[in-house]
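Peer 1: Contents are mmCIF, C-alpha atoms; file name coords-v9.cif:
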data_final
loop_
_atom_site.label_atom_id
_atom_site.label_comp_id
_atom_site.auth_asym_id
_atom_site.auth_seq_id
_atom_site.Cartn_x
_atom_site.Cartn_y
_atom_site.Cartn_z
CA MET V 1 259.45 189.29 10.99
CA THR V 2 258.12 187.28 8.04
CA ALA V 3 254.50 188.05 7.19
CA ILE V 4 252.25 184.97 7.16
CA HIS V 5 249.44 185.00 4.62
CA GLY V 6 246.38 182.81 4.16
CA THR V 7 243.91 181.38 6.63
CA ALA V 8 243.76 179.11 9.66
CA ALA V 9 240.33 178.20 10.98
CA PRO V 10 239.52 178.91 14.64
CA GLY V 11 241.17 176.30 16.82
CA PHE V 12 244.24 176.00 14.57
CA GLU V 13 246.12 179.05 15.81
CA LEU V 14 248.92 176.76 17.02
CA VAL V 15 249.57 175.70 13.44
CA ARG V 16 249.94 179.32 12.35
CA GLU V 17 252.31 179.93 15.27
CA ALA V 18 254.42 176.87 14.45
CA PHE V 19 254.58 177.84 10.80
CA ALA V 20 255.62 181.40 11.68
CA SER V 21 258.28 180.08 14.04
CA ASN V 22 259.77 178.08 11.18
CA PHE V 23 260.82 181.42 9.73
CA SER V 24 261.87 183.14 12.96
CA GLU V 25 263.57 180.15 14.62
CA ARG V 26 264.23 177.50 11.97
CA THR V 27 265.52 179.55 9.02
CA ASP V 28 262.74 178.99 6.50
CA VAL V 29 262.99 181.32 3.49
CA GLY V 30 259.77 180.57 1.62
CA ALA V 31 257.21 177.92 2.52
CA ALA V 32 253.57 176.87 2.70
CA VAL V 33 251.49 174.55 4.87
CA ALA V 34 247.98 173.20 4.31
CA LEU V 35 245.63 170.99 6.28
CA VAL V 36 242.42 169.33 5.11
CA ILE V 37 240.02 167.67 7.56
CA ASP V 38 236.90 165.85 6.40
CA GLY V 39 237.37 167.35 2.94
CA ARG V 40 237.51 170.94 4.23
CA ILE V 41 240.61 173.13 4.01
CA VAL V 42 241.13 174.36 7.56
CA VAL V 43 244.70 175.66 7.18
CA ASP V 44 246.15 177.25 4.06
CA LEU V 45 249.17 179.41 4.93
CA TRP V 46 252.20 180.70 3.11
CA GLY V 47 254.97 183.19 3.65
CA GLY V 48 258.47 184.34 2.82
CA VAL V 49 260.28 184.59 -0.47
CA ALA V 50 259.97 182.23 -3.44
CA ASP V 51 263.00 183.63 -5.25
CA PRO V 52 265.55 185.50 -3.11
CA ALA V 53 267.49 186.80 -6.11
CA GLU V 54 264.39 188.45 -7.56
CA GLY V 55 262.77 189.23 -4.24
CA ARG V 56 259.64 187.49 -5.48
CA GLU V 57 257.29 186.63 -2.62
CA TRP V 58 255.77 183.23 -2.00
CA ASN V 59 252.07 183.33 -2.82
CA ALA V 60 249.04 181.06 -2.77
CA ASP V 61 249.99 179.45 -6.09
CA THR V 62 253.75 179.05 -5.65
CA LEU V 63 254.93 175.66 -6.89
CA ALA V 64 257.89 174.02 -5.16
CA ASN V 65 259.90 171.05 -6.31
CA ILE V 66 258.92 168.45 -3.70
CA TRP V 67 261.62 165.85 -4.42
CA SER V 68 260.55 162.42 -3.10
CA THR V 69 257.22 163.70 -1.83
CA THR V 70 256.45 163.16 -5.53
CA LYS V 71 256.49 159.40 -4.90
CA GLY V 72 253.24 159.63 -2.94
CA VAL V 73 251.56 161.28 -5.91
CA THR V 74 252.81 158.46 -8.15
CA ALA V 75 251.47 155.92 -5.64
CA ALA V 76 248.07 157.62 -5.77
CA CYS V 77 248.08 157.34 -9.58
CA PHE V 78 248.62 153.57 -9.37
CA ALA V 79 245.93 153.22 -6.72
CA MET V 80 243.52 154.94 -9.10
CA LEU V 81 244.38 152.38 -11.81
CA VAL V 82 243.72 149.57 -9.34
CA ASP V 83 240.38 151.16 -8.49
CA ARG V 84 239.50 151.32 -12.17
CA GLY V 85 240.37 147.66 -12.68
CA GLN V 86 243.25 148.42 -15.04
CA ILE V 87 246.09 146.94 -12.99
CA ASP V 88 246.52 144.35 -10.23
CA TYR V 89 249.18 144.85 -7.55
CA ASP V 90 249.67 141.10 -7.26
CA LEU V 91 250.38 140.35 -10.91
CA PRO V 92 253.96 140.33 -12.24
CA VAL V 93 255.21 143.51 -13.83
CA ALA V 94 256.14 141.36 -16.85
CA HIS V 95 252.46 140.58 -17.36
CA TYR V 96 252.05 144.18 -18.52
CA TRP V 97 255.65 144.84 -19.63
CA PRO V 98 257.11 141.63 -21.11
CA GLU V 99 260.59 143.06 -21.69
CA PHE V 100 260.92 143.52 -17.94
CA GLY V 101 260.75 139.78 -17.20
CA VAL V 102 264.42 138.90 -17.68
CA ALA V 103 267.57 138.55 -15.55
CA GLY V 104 265.74 137.20 -12.49
CA LYS V 105 262.89 139.70 -12.56
CA GLU V 106 260.17 137.41 -13.87
CA LYS V 107 258.33 137.14 -10.54
CA ILE V 108 258.52 140.78 -9.44
CA THR V 109 254.95 141.91 -8.86
CA VAL V 110 253.61 145.42 -9.22
CA ALA V 111 253.39 145.61 -5.42
CA MET V 112 257.00 144.50 -5.03
CA MET V 113 258.18 147.11 -7.48
CA LEU V 114 256.23 149.93 -5.85
CA SER V 115 257.43 148.91 -2.38
CA HIS V 116 261.11 149.11 -3.34
CA GLN V 117 261.73 145.34 -3.32
CA ALA V 118 262.77 144.90 -6.96
CA GLY V 119 266.51 145.45 -6.49
CA LEU V 120 266.61 148.03 -9.29
CA CYS V 121 267.60 150.91 -7.02
CA GLY V 122 270.05 152.41 -9.52
CA PHE V 123 272.09 151.84 -12.65
CA ARG V 124 274.97 149.39 -12.58
CA ASP V 125 276.94 151.29 -15.21
CA PRO V 126 277.96 154.94 -14.81
CA ALA V 127 275.14 157.43 -15.23
CA THR V 128 274.89 161.19 -15.56
CA ILE V 129 272.09 163.59 -14.72
CA GLU V 130 271.31 163.75 -18.44
CA ASP V 131 270.33 160.08 -18.26
CA PHE V 132 267.46 161.12 -16.01
CA TYR V 133 266.00 163.31 -18.72
CA ASP V 134 264.97 160.41 -21.00
CA ALA V 135 262.53 158.41 -18.88
CA GLU V 136 261.79 155.71 -21.46
CA ARG V 137 265.46 155.03 -22.16
CA ALA V 138 266.21 154.92 -18.44
CA ALA V 139 263.38 152.45 -17.94
CA ALA V 140 264.68 150.24 -20.75
CA ARG V 141 268.11 150.09 -19.09
CA LEU V 142 266.52 149.04 -15.83
CA ALA V 143 264.27 146.48 -17.52
CA ALA V 144 267.33 144.75 -18.96
CA ALA V 145 269.33 144.88 -15.74
CA GLU V 146 270.03 142.26 -13.08
CA PRO V 147 268.72 143.21 -9.61
CA PHE V 148 271.15 144.12 -6.83
CA TRP V 149 269.45 141.59 -4.53
CA VAL V 150 266.95 138.76 -4.83
CA PRO V 151 263.64 140.56 -5.42
CA GLY V 152 261.23 140.27 -2.54
CA THR V 153 263.84 139.56 0.13
CA GLN V 154 264.23 143.14 1.35
CA SER V 155 263.35 146.72 0.58
CA GLY V 156 265.96 149.13 -0.74
CA TYR V 157 264.91 152.68 -1.53
CA HIS V 158 264.78 153.30 -5.28
CA ALA V 159 265.43 157.02 -4.84
CA ILE V 160 265.20 158.01 -8.52
CA THR V 161 264.74 154.82 -10.53
CA ILE V 162 261.30 153.98 -9.16
CA GLY V 163 260.03 156.94 -11.16
CA PHE V 164 261.28 155.56 -14.46
CA LEU V 165 260.02 152.07 -13.71
CA ALA V 166 256.66 153.41 -12.59
CA THR V 167 255.95 155.62 -15.58
CA ALA V 168 257.05 152.95 -18.07
CA LEU V 169 254.70 150.41 -16.50
CA PHE V 170 251.92 152.98 -16.12
CA LYS V 171 252.08 153.95 -19.80
CA ARG V 172 251.88 150.34 -20.91
CA VAL V 173 248.76 149.83 -18.81
CA GLU V 174 246.92 153.15 -19.06
CA GLY V 175 248.23 154.68 -22.28
CA ARG V 176 249.36 157.92 -20.66
CA THR V 177 252.61 158.56 -18.83
CA ILE V 178 252.35 159.49 -15.17
CA LYS V 179 253.33 163.03 -16.11
CA GLN V 180 250.37 163.34 -18.48
CA PHE V 181 248.03 161.57 -16.06
CA VAL V 182 248.91 163.96 -13.23
CA SER V 183 248.43 166.93 -15.52
CA ASP V 184 245.03 165.66 -16.62
CA GLU V 185 243.79 164.44 -13.24
CA PHE V 186 245.48 166.77 -10.73
CA GLY V 187 246.75 169.76 -12.66
CA ARG V 188 243.73 171.81 -11.70
CA LEU V 189 244.67 171.33 -8.05
CA GLY V 190 248.13 172.82 -8.51
CA MET V 191 250.25 169.71 -9.02
CA ASN V 192 252.54 168.60 -11.84
CA ILE V 193 255.31 166.18 -12.69
CA GLY V 194 257.92 168.52 -14.06
CA LEU V 195 256.92 172.10 -14.73
CA PRO V 196 255.35 173.46 -17.90
CA LEU V 197 257.00 176.64 -19.19
CA SER V 198 253.66 178.39 -18.81
CA LEU V 199 253.93 177.94 -15.03
CA ALA V 200 257.60 178.90 -14.64
CA HIS V 201 256.66 182.21 -13.03
CA HIS V 202 254.99 180.28 -10.20
CA ALA V 203 258.09 178.20 -9.38
CA ALA V 204 260.05 178.59 -6.17
CA THR V 205 263.82 178.68 -6.47
CA MET V 206 265.33 175.84 -4.46
CA ILE V 207 268.07 176.71 -1.95
CA ALA V 208 270.70 174.07 -1.22
CA PRO V 209 271.13 172.72 2.31
CA PRO V 210 274.18 174.08 4.14
CA SER V 211 275.96 170.72 4.37
CA LEU V 212 274.00 167.63 3.32
CA THR V 213 274.31 166.34 -0.24
CA SER V 214 272.51 163.43 -1.82
CA THR V 215 275.66 161.35 -1.27
CA GLY V 216 275.92 162.31 2.40
CA LEU V 217 272.98 160.24 3.54
CA VAL V 218 274.99 157.02 3.91
CA GLN V 219 278.65 156.49 4.74
CA ASP V 220 280.73 153.51 3.51
CA MET V 221 278.21 152.76 0.79
CA THR V 222 277.46 149.33 -0.62
CA ASP V 223 277.24 148.92 -4.39
CA ALA V 224 273.46 149.17 -4.16
CA GLN V 225 273.60 152.31 -2.03
CA PHE V 226 276.07 153.95 -4.40
CA ALA V 227 273.85 153.12 -7.37
CA ALA V 228 270.77 154.47 -5.62
CA ILE V 229 272.05 157.80 -4.34
CA ALA V 230 275.39 158.58 -5.97
CA ASN V 231 275.23 157.37 -9.59
CA PRO V 232 275.05 160.19 -10.41
CA PRO V 233 275.15 162.48 -7.37
CA ILE V 234 272.16 164.83 -7.44
CA ASP V 235 272.65 168.59 -7.36
CA PRO V 236 270.12 170.09 -4.90
CA LEU V 237 269.82 173.04 -7.26
CA ALA V 238 268.88 170.86 -10.26
CA PRO V 239 265.17 171.77 -9.91
CA ASN V 240 266.03 175.34 -10.87
CA SER V 241 267.16 174.21 -14.33
CA ASP V 242 265.03 174.07 -17.45
CA ASP V 243 266.16 170.50 -18.19
CA TRP V 244 264.99 169.19 -14.80
CA ARG V 245 261.68 170.97 -15.11
CA ALA V 246 261.08 169.62 -18.62
CA ALA V 247 261.83 166.02 -17.62
CA GLU V 248 259.56 163.26 -16.35
CA ILE V 249 260.92 161.93 -13.04
CA PRO V 250 257.84 160.79 -11.09
CA SER V 251 260.05 160.00 -8.10
CA ALA V 252 261.61 163.43 -7.65
CA ASN V 253 260.50 166.29 -9.92
CA GLY V 254 256.97 166.94 -8.78
CA PHE V 255 256.05 170.60 -8.50
CA ALA V 256 253.10 171.33 -6.23
CA THR V 257 251.44 173.70 -3.83
CA ALA V 258 250.99 172.58 -0.26
CA ARG V 259 247.24 173.01 -0.74
CA SER V 260 247.11 170.57 -3.66
CA LEU V 261 248.92 167.86 -1.72
CA ALA V 262 246.76 168.32 1.36
CA VAL V 263 243.61 168.07 -0.75
CA LEU V 264 244.86 164.87 -2.38
CA TYR V 265 245.80 163.24 0.90
CA GLY V 266 242.62 164.49 2.53
CA ALA V 267 240.71 162.51 -0.09
CA LEU V 268 242.90 159.43 0.36
CA ALA V 269 242.45 159.56 4.14
CA GLY V 270 238.73 160.21 3.89
CA ASP V 271 236.02 158.95 1.59
CA GLY V 272 238.04 159.16 -1.64
CA THR V 273 236.29 162.27 -2.94
CA ILE V 274 237.36 165.83 -3.69
CA ASN V 275 234.58 168.41 -3.49
CA GLY V 276 232.06 165.60 -3.81
CA ASP V 277 233.66 164.15 -6.94
CA ARG V 278 234.86 160.55 -6.64
CA LEU V 279 238.61 160.18 -6.97
CA ILE V 280 239.14 156.64 -5.73
CA GLY V 281 237.34 153.94 -3.77
CA THR V 282 238.25 153.16 -0.19
CA ASP V 283 239.08 149.52 -0.98
CA ALA V 284 241.80 150.63 -3.40
CA ILE V 285 243.18 153.05 -0.81
CA ALA V 286 243.34 150.25 1.74
CA SER V 287 245.14 147.99 -0.72
CA ALA V 288 247.64 150.72 -1.59
CA THR V 289 248.49 151.48 2.03
CA VAL V 290 248.59 148.03 3.64
CA GLU V 291 252.09 146.94 4.61
CA ARG V 292 253.92 145.06 1.85
CA ILE V 293 257.32 144.86 3.58
CA SER V 294 259.01 146.27 6.66
CA GLY V 295 262.47 146.23 8.19
CA VAL V 296 265.73 148.12 7.90
CA ASP V 297 265.86 149.59 4.41
CA ALA V 298 268.96 148.40 2.55
CA ILE V 299 269.63 151.84 1.07
CA LEU V 300 268.58 154.29 3.76
CA GLY V 301 269.67 152.16 6.70
CA ILE V 302 266.58 153.10 8.71
CA GLN V 303 263.44 151.23 9.72
CA ALA V 304 260.79 151.50 7.02
CA SER V 305 257.35 150.09 6.36
CA TRP V 306 256.21 150.27 2.75
CA GLY V 307 252.82 150.09 1.12
CA CYS V 308 252.48 150.29 -2.67
CA GLY V 309 254.51 153.45 -3.07
CA PHE V 310 253.44 155.00 0.24
CA LEU V 311 255.67 155.16 3.30
CA ARG V 312 253.67 153.92 6.26
CA ASN V 313 253.97 155.73 9.56
CA THR V 314 256.93 154.68 11.69
CA ASP V 315 258.33 156.43 14.75
CA GLN V 316 255.37 158.84 14.61
CA VAL V 317 256.93 160.81 11.76
CA TYR V 318 253.39 161.39 10.47
CA GLY V 319 251.73 161.96 13.82
CA PRO V 320 250.60 159.57 16.55
CA ASN V 321 248.31 157.32 14.51
CA GLU V 322 249.77 154.11 13.09
CA ALA V 323 247.50 154.10 10.04
CA ALA V 324 248.93 157.35 8.63
CA PHE V 325 250.75 157.11 5.30
CA GLY V 326 252.48 159.46 2.90
CA HIS V 327 255.92 160.44 1.69
CA SER V 328 258.60 162.99 2.46
CA GLY V 329 261.13 164.67 0.22
CA TRP V 330 264.81 165.53 0.33
CA GLY V 331 265.26 168.79 2.18
CA GLY V 332 262.03 168.88 4.14
CA SER V 333 258.80 168.72 2.15
CA PHE V 334 256.20 166.17 3.21
CA ALA V 335 252.59 165.17 2.66
CA PHE V 336 250.54 162.51 4.41
CA GLY V 337 247.07 161.29 5.15
CA ASP V 338 245.74 160.05 8.47
CA PRO V 339 242.54 157.98 8.16
CA ALA V 340 242.05 157.95 11.93
CA ALA V 341 241.89 161.75 12.00
CA ARG V 342 240.47 162.02 8.46
CA LEU V 343 243.10 164.59 7.54
CA GLY V 344 245.62 165.43 4.86
CA LEU V 345 248.63 167.57 5.79
CA SER V 346 251.38 169.01 3.61
CA TYR V 347 254.36 171.33 3.85
CA THR V 348 256.44 172.69 0.96
CA MET V 349 259.47 174.96 1.06
CA ASN V 350 262.51 176.14 -0.90
CA ARG V 351 265.25 176.22 1.77
CA MET V 352 266.38 172.61 2.00
CA GLY V 353 267.25 171.21 5.41
CA THR V 354 269.88 168.71 6.48
CA ASP V 355 267.79 166.10 8.29
CA LEU V 356 266.91 162.83 6.58
CA ILE V 357 264.00 162.39 9.01
CA ASN V 358 262.45 164.55 11.73
CA ASP V 359 263.27 167.90 10.18
CA PRO V 360 262.54 170.38 13.03
CA ARG V 361 260.17 172.33 10.78
CA ASN V 362 258.17 169.17 10.08
CA VAL V 363 258.07 168.19 13.74
CA ALA V 364 256.81 171.63 14.79
CA ILE V 365 253.99 171.58 12.24
CA VAL V 366 252.89 167.99 12.87
CA ASN V 367 252.90 168.49 16.64
CA ALA V 368 250.87 171.69 16.33
CA VAL V 369 248.27 170.01 14.13
CA TYR V 370 247.67 167.12 16.52
CA GLU V 371 247.63 169.42 19.55
CA SER V 372 244.86 171.35 17.77
CA LEU V 373 242.59 168.39 17.04
#
Can I see the file as structure tokens?

Peer 2:
Amino acid sequence: MTAIHGTAAPGFELVREAFASNFSERTDVGAAVALVIDGRIVVDLWGGVADPAEGREWNADTLANIWSTTKGVTAACFAMLVDRGQIDYDLPVAHYWPEFGVAGKEKITVAMMLSHQAGLCGFRDPATIEDFYDAERAAARLAAAEPFWVPGTQSGYHAITIGFLATALFKRVEGRTIKQFVSDEFGRLGMNIGLPLSLAHHAATMIAPPSLTSTGLVQDMTDAQFAAIANPPIDPLAPNSDDWRAAEIPSANGFATARSLAVLYGALAGDGTINGDRLIGTDAIASATVERISGVDAILGIQASWGCGFLRNTDQVYGPNEAAFGHSGWGGSFAFGDPAARLGLSYTMNRMGTDLINDPRNVAIVNAVYESL
């Protein structure tokens, strides 16, 4: 039986039980779960093994690659710029990044870009994983490219490329890349884009799913789908490499503790403060999470409702309350905030699952949380 460490406040025993059952019944190897309500950490649990080869245990500070759960962190960074008056969701991206305004992209707003409407879901010409390791060059290629569809007519998940677009725009507005901004603003919480060498000993080793690959999400792919998820195909073990960890991919190579993500989303779902310190105003949170587009996503082929970088709650993936928002990652990680319940909830792990949505481990944790409220 896997030992579960950490704390769960009285009344949240069901969450501990669900988390433990993820190991005994749902094949977790190493994982963590955290829950913040009204700014207070009420669940902070971890267990299992961070690195099976070394036998290194998961601990309170273990950092896992969270794949697309990273996108929610990037969305929070933009919302903070909006709050500070540095950027406007409704202005064209080209207002801040003139080189972007070519090839039919002149009217793409910041909101459209962040809500996956820009049609820049991948590269048109062949790409390799090494192309992901130069964020500025990747962004320049996308800025010169023609969209795969008329911008604003539909959403299509920019699985990797939204990270390059986002950090290029962010740097032109704020002066820092998203990677540096996260390090400065959130690093103390236990959250990074990429992984500094000094923290390598805290990293979990990712374990590939038994069957699903990044190209197995969609069959009979369109050109846009191929560009988004198969050009190049992503190795689920890439986060274990030094090159991936050194890169800046604010769509996929976030490394975080479950606690750090829960604290962030607890602030976003509450009064915008962390330990009494103002992070962001509630008006900016509302603007970031209001629906910008909804419908069947052209890449994922599933119903999606997008805010400015946040995935809005559909099909009760993030609990029963419609106002919940967050993001999930390939293999099973997730983090979300629920303003109605004033909570932030997060789960991180190293054994990747095969479900695109409704991973059984996620469902068990989310159900246990809401049964405990």

Peer 1: Between V:Glu248, V:Glu106, V:Asp44, V:Glu57, which has the minimum distance to V:Val93 (counting all atoms listed in the file)?

Peer 2: V:Glu106

Peer 1: Using atom CA of V:Asp220 and atom CA of V:Trp330 as the two end points, give the distance in Å to one decimal.

Peer 2: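 It comes out at 20.2 Å.
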
Peer 1: Between atom CA of V:Val82 and atom CA of V:Ala284, what is the distance, to one decimal in Å?

Peer 2: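 Interatomic distance here is 6.3 Å.
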
Peer 1: Quick one: residues within 9 Å of (263.8, 169.9, -11.0) (file frame), counting all atoms listed in the file, please, as a VMD selection string.

Peer 2: chain V and resid 65 to 67 194 to 195 206 236 to 247 249 252 to 255

Peer 1: List the residues selected by the PyMOL selection byres ((chain V and resi 343) around 8) in the file shown, writing them as JSON, numbers by chain.

Peer 2: {"V": [35, 36, 37, 38, 39, 265, 266, 269, 270, 337, 338, 339, 341, 342, 344, 345]}

Peer 1: So how far away is atom CA of V:Leu268 from atom CA of V:Ser294, in Å?

Peer 2: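 Computing it gives 21.7 Å between the two atoms.
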
Peer 1: Identify all residues satisfying the PyMOL selection byres ((chain V and resi 134) around 12) in the given file; provide them as a PyMOL selection string.

Peer 2: chain V and resi 128-133+135-141+161+163-164+167-168+243-244+246-249
